[in-house]
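Text of model_36.cif (mmCIF, C-alpha atoms) as supplied:
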```cif
data_entry
loop_
_atom_site.label_atom_id
_atom_site.label_comp_id
_atom_site.auth_asym_id
_atom_site.auth_seq_id
_atom_site.Cartn_x
_atom_site.Cartn_y
_atom_site.Cartn_z
CA MET A 1 25.50 6.14 -29.59
CA GLU A 2 23.50 7.72 -26.78
CA TYR A 3 22.34 5.61 -23.85
CA ASN A 4 19.24 6.22 -21.78
CA TYR A 5 20.69 6.42 -18.26
CA ARG A 6 18.32 5.58 -15.43
CA LYS A 7 19.37 6.20 -11.85
CA SER A 8 19.31 3.07 -9.71
CA PRO A 9 16.68 3.09 -6.95
CA ARG A 10 19.00 0.97 -4.74
CA ALA A 11 20.64 2.52 -1.68
CA GLN A 12 24.34 2.79 -2.42
CA TRP A 13 25.24 2.21 1.25
CA HIS A 14 23.31 -1.09 1.60
CA ASN A 15 24.26 -4.49 0.12
CA TYR A 16 20.69 -5.94 0.05
CA VAL A 17 21.77 -9.34 1.33
CA GLY A 18 20.22 -9.18 4.79
CA ALA A 19 17.80 -6.89 6.62
CA ASN A 20 14.09 -6.16 6.81
CA TYR A 21 12.15 -4.47 4.03
CA PHE A 22 8.76 -2.85 3.56
CA VAL A 23 7.80 -3.63 -0.04
CA THR A 24 4.92 -2.34 -2.16
CA ILE A 25 4.16 -3.87 -5.54
CA CYS A 26 1.49 -2.19 -7.68
CA THR A 27 -0.52 -3.34 -10.65
CA LYS A 28 -0.07 -1.52 -13.93
CA ASN A 29 -1.96 1.78 -13.96
CA LYS A 30 -3.26 0.83 -10.49
CA GLN A 31 -5.99 -1.32 -12.02
CA HIS A 32 -8.05 -3.36 -9.55
CA PHE A 33 -6.93 -6.82 -10.67
CA LEU A 34 -6.40 -8.37 -7.24
CA GLY A 35 -9.84 -8.05 -5.67
CA GLU A 36 -12.21 -5.59 -4.08
CA ILE A 37 -12.82 -4.26 -0.61
CA LYS A 38 -16.25 -4.62 0.96
CA ASP A 39 -16.98 -3.92 4.60
CA ASP A 40 -13.29 -3.22 5.33
CA THR A 41 -12.30 -6.69 4.07
CA ILE A 42 -10.50 -7.65 0.88
CA HIS A 43 -12.32 -10.17 -1.30
CA LEU A 44 -9.65 -11.57 -3.57
CA SER A 45 -10.08 -12.25 -7.25
CA LYS A 46 -8.74 -15.46 -8.78
CA ILE A 47 -5.42 -13.73 -9.49
CA GLY A 48 -5.40 -12.24 -5.96
CA MET A 49 -5.86 -15.72 -4.45
CA PHE A 50 -2.94 -17.03 -6.51
CA LEU A 51 -0.81 -14.09 -5.33
CA LYS A 52 -1.72 -14.92 -1.71
CA LYS A 53 -0.60 -18.52 -2.25
CA GLN A 54 2.70 -17.34 -3.79
CA ILE A 55 3.41 -15.04 -0.85
CA GLU A 56 2.61 -17.71 1.72
CA GLU A 57 4.74 -20.32 -0.07
CA THR A 58 7.68 -18.03 -0.89
CA LYS A 59 9.83 -19.35 1.95
CA ILE A 60 9.39 -22.91 0.65
CA ILE A 61 9.51 -22.17 -3.09
CA ARG A 62 12.07 -19.37 -3.39
CA ALA A 63 14.32 -19.06 -0.37
CA ASN A 64 14.57 -20.58 3.06
CA ASN A 65 16.48 -17.56 4.38
CA ILE A 66 13.44 -15.27 4.42
CA ASP A 67 10.19 -14.73 6.22
CA ILE A 68 7.14 -12.66 5.30
CA PRO A 69 5.64 -11.99 8.73
CA CYS A 70 3.08 -9.46 7.54
CA TYR A 71 1.36 -8.66 4.24
CA THR A 72 -1.89 -7.43 2.81
CA ILE A 73 -3.26 -7.66 -0.69
CA MET A 74 -5.27 -4.67 -1.83
CA PRO A 75 -7.26 -4.29 -5.08
CA ASN A 76 -4.35 -2.66 -6.94
CA HIS A 77 -1.25 -3.34 -4.83
CA VAL A 78 0.29 -5.56 -2.22
CA HIS A 79 2.28 -4.56 0.89
CA LEU A 80 4.78 -6.97 2.44
CA ILE A 81 7.36 -7.02 5.16
CA ILE A 82 10.18 -9.28 4.04
CA THR A 83 12.85 -10.26 6.56
CA PHE A 84 16.14 -11.88 5.57
CA ASN A 85 18.33 -14.06 7.73
CA ASN A 86 21.87 -12.65 7.39
CA SER A 87 23.44 -16.04 7.98
CA TYR A 88 22.53 -17.27 4.49
CA TYR A 89 25.66 -15.56 3.07
CA PRO A 90 27.80 -15.46 6.22
CA ASP A 91 31.03 -14.45 4.45
CA TYR A 92 29.53 -11.90 2.07
CA ASP A 93 30.11 -8.31 3.22
CA GLY A 94 28.90 -6.53 0.10
CA LYS A 95 32.45 -5.79 -1.06
CA ASP A 96 33.21 -7.79 -4.19
CA SER A 97 36.13 -5.90 -5.64
CA SER A 98 39.65 -5.23 -4.47
CA ASP A 99 39.05 -1.46 -4.40
CA GLY A 100 36.34 -1.93 -1.74
CA LYS A 101 33.46 -0.71 -3.91
CA THR A 102 30.22 -2.58 -3.75
CA SER A 103 29.34 -4.38 -6.92
CA PHE A 104 26.76 -7.00 -7.74
CA GLY A 105 26.50 -9.58 -4.97
CA PRO A 106 24.68 -12.88 -4.96
CA GLN A 107 21.67 -12.59 -7.25
CA SER A 108 19.56 -15.36 -5.79
CA ASN A 109 17.68 -15.25 -2.52
CA ASN A 110 17.96 -11.47 -2.35
CA LEU A 111 15.17 -8.90 -2.40
CA PRO A 112 15.05 -8.31 -6.18
CA SER A 113 15.06 -12.05 -6.94
CA ILE A 114 12.25 -12.72 -4.44
CA ILE A 115 10.07 -9.94 -5.89
CA ARG A 116 10.90 -11.02 -9.44
CA GLY A 117 9.87 -14.59 -8.56
CA ILE A 118 6.53 -13.53 -7.09
CA LYS A 119 5.72 -11.14 -9.94
CA SER A 120 6.70 -13.55 -12.70
CA SER A 121 4.79 -16.51 -11.23
CA VAL A 122 1.61 -14.43 -10.90
CA LYS A 123 1.99 -13.10 -14.46
CA LYS A 124 2.58 -16.62 -15.81
CA TYR A 125 -0.52 -17.86 -13.96
CA ALA A 126 -2.56 -15.03 -15.48
CA ASN A 127 -1.27 -15.81 -18.98
CA ASP A 128 -1.87 -19.56 -18.59
CA ASN A 129 -5.44 -18.92 -17.44
CA LYS A 130 -6.14 -16.16 -19.98
CA ILE A 131 -6.65 -13.57 -17.24
CA ILE A 132 -5.89 -9.98 -18.21
CA PHE A 133 -3.27 -8.82 -15.74
CA GLU A 134 -0.13 -6.68 -15.61
CA TRP A 135 2.24 -5.50 -12.90
CA HIS A 136 3.80 -2.06 -12.71
CA LYS A 137 7.37 -2.45 -13.97
CA ARG A 138 9.05 -1.56 -10.68
CA TYR A 139 8.30 -1.93 -7.01
CA HIS A 140 8.98 0.24 -3.98
CA ASP A 141 11.06 -0.94 -1.06
CA ARG A 142 12.14 0.67 2.16
CA ILE A 143 14.83 -0.67 4.46
CA ILE A 144 13.30 -1.03 7.92
CA ARG A 145 15.86 0.43 10.28
CA ASN A 146 14.59 -0.46 13.75
CA HIS A 147 11.99 -2.30 15.80
CA ASN A 148 9.74 0.74 16.27
CA GLU A 149 9.63 1.36 12.52
CA MET A 150 8.82 -2.33 11.97
CA ASN A 151 5.87 -2.09 14.37
CA ASN A 152 4.54 1.09 12.71
CA ILE A 153 4.76 -0.46 9.24
CA ALA A 154 3.06 -3.68 10.40
CA GLU A 155 0.22 -1.63 11.89
CA TYR A 156 -0.09 0.34 8.63
CA ILE A 157 -0.24 -2.90 6.60
CA GLU A 158 -2.85 -4.48 8.87
CA ASN A 159 -5.07 -1.35 8.80
CA ASN A 160 -4.73 -0.73 5.06
CA PRO A 161 -8.05 -2.41 4.07
CA ILE A 162 -9.94 -0.47 6.75
CA LYS A 163 -8.59 2.85 5.45
CA TRP A 164 -9.31 2.01 1.79
CA ASP A 165 -12.69 3.77 1.70
CA LEU A 166 -11.29 6.82 3.51
CA ARG A 167 -9.01 7.82 0.65
#
```
Write the structure described by the file as structure tokens, please.
Amino acid sequence: MEYNYRKSPRAQWHNYVGANYFVTICTKNKQHFLGEIKDDTIHLSKIGMFLKKQIEETKIIRANNIDIPCYTIMPNHVHLIITFNNSYYPDYDGKDSSDGKTSFGPQSNNLPSIIRGIKSSVKKYANDNKIIFEWHKRYHDRIIRNHNEMNNIAEYIENNPIKWDLR
């Protein structure tokens, strides 16, 4: 039997328990489900407003070890900075096996589970309200390595609606 092997997008050197991430989640085929931009301002659709609520309530609903200090919802994607408090798993060092190789760590309150929770709740809301909506299957994340990079990404996120018509 032949298996379809797909390379993992995860950084092999990072355990994904703590840190800061720049995350982009797109809609399927980049369709404008989430709203529209007029006069450099996003005007959210019904599904976009629900997404906004999910992002703002993520710390309460999904995990108390995170913060989303900056985000913007665009017509066909959302950008977020997600910061994790490392103290949530104080004894976890990313090494689960005796040979020192990193294997699967805690699968709740980590980046993939947070994104999965946001995406699935928005999709369920769309289905329950008979709104046509689909996410792209994956998402893009970047580990933010320092304070300067964090500031540059935050500025990019905040200016994203203004630059929408310039593309």
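Against this structure, the PyMOL selection byres ((chain A and resi 38) around 10) ends up with Gly35, Glu36, Ile37, Asp39, Asp40, Thr41, Ile42, His43, Pro161, Ile162, Trp164 and Asp165 of chain A.
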message = Here's the selection I'm unsure about, the PyMOL selection byres ((chain A and resi 138-146) around 7); applied to the file above, which residues does it give, as an MDAnalysis selection string?
response = chainID A and resid 20:26 136:137 147:150
Atom-to-atom span, CA of Gly117 in chain A and CA of Leu51 in chain A, Å =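 Separation of CA of Gly117 in chain A and CA of Leu51 in chain A: 11.2 Å.
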task = Using all atoms listed in the file, give me every residue within 9 Å of (-3.2, -3.8, 0.9) in file coordinates, as a list of chain:residue names.
result = A:Thr24, A:Ile42, A:Tyr71, A:Thr72, A:Ile73, A:Met74, A:Pro75, A:Asn76, A:His77, A:Val78, A:His79, A:Leu80, A:Ile157, A:Glu158, A:Asn159, A:Asn160, A:Pro161, A:Trp164
task = Tell me which of A:Val122, A:Ile47, A:Ala63, A:Ile55 sits closest to Asn109 in chain A, counting all atoms listed in the file.
result =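 Among A:Val122, A:Ile47, A:Ala63, A:Ile55, it is A:Ala63 that comes nearest to Asn109 in chain A.
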query = Rounded to one decimal in Å, what is the spacing between CA of Asn151 in chain A and CA of His32 in chain A?
reply = 27.7 Å
task = Pick out the closest residue to Ser113 in chain A from this set: A:Thr58, A:Pro69, A:Ile81, A:Ile153. Count all atoms listed in the file.
result = A:Thr58
The PyMOL selection byres ((chain A and resi 126) around 12) applied to the shown file, residues as an NGL selection string = :A and (33-34 or 45-51 or 119-125 or 127-135)
ask   = Looking at all atoms listed in the file, which of A:Leu44, A:Glu56, A:Ala154, A:Ala19 is the one that sits closest to Leu111 in chain A?
value =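 Among the listed residues, A:Ala19 lies closest to Leu111 in chain A.
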ask   = When you draw a straight line from CA of Arg62 in chain A to CA of Ile114 in chain A, how long is it in Å?
value =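 Calculated distance between CA of Arg62 in chain A and CA of Ile114 in chain A is 6.7 Å.
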Coordinate excerpt as a short mmCIF file (atom, residue, chain, number, x, y, z; two decimals), in the first residue's frame: range 73-84 of chain A, C-alpha atoms:
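This is the output file decode10.cif:
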```
data_model
loop_
_atom_site.label_atom_id
_atom_site.label_comp_id
_atom_site.auth_asym_id
_atom_site.auth_seq_id
_atom_site.Cartn_x
_atom_site.Cartn_y
_atom_site.Cartn_z
CA ILE A 73 -10.13 40.66 9.87
CA MET A 74 -9.94 41.20 6.13
CA PRO A 75 -12.51 40.17 3.49
CA ASN A 76 -10.79 36.85 2.78
CA HIS A 77 -8.37 36.28 5.67
CA VAL A 78 -7.56 37.13 9.25
CA HIS A 79 -4.18 38.07 10.76
CA LEU A 80 -3.51 37.50 14.46
CA ILE A 81 -0.67 37.74 16.90
CA ILE A 82 -1.09 34.99 19.46
CA THR A 83 1.10 35.01 22.55
CA PHE A 84 1.42 32.04 24.90
#
```
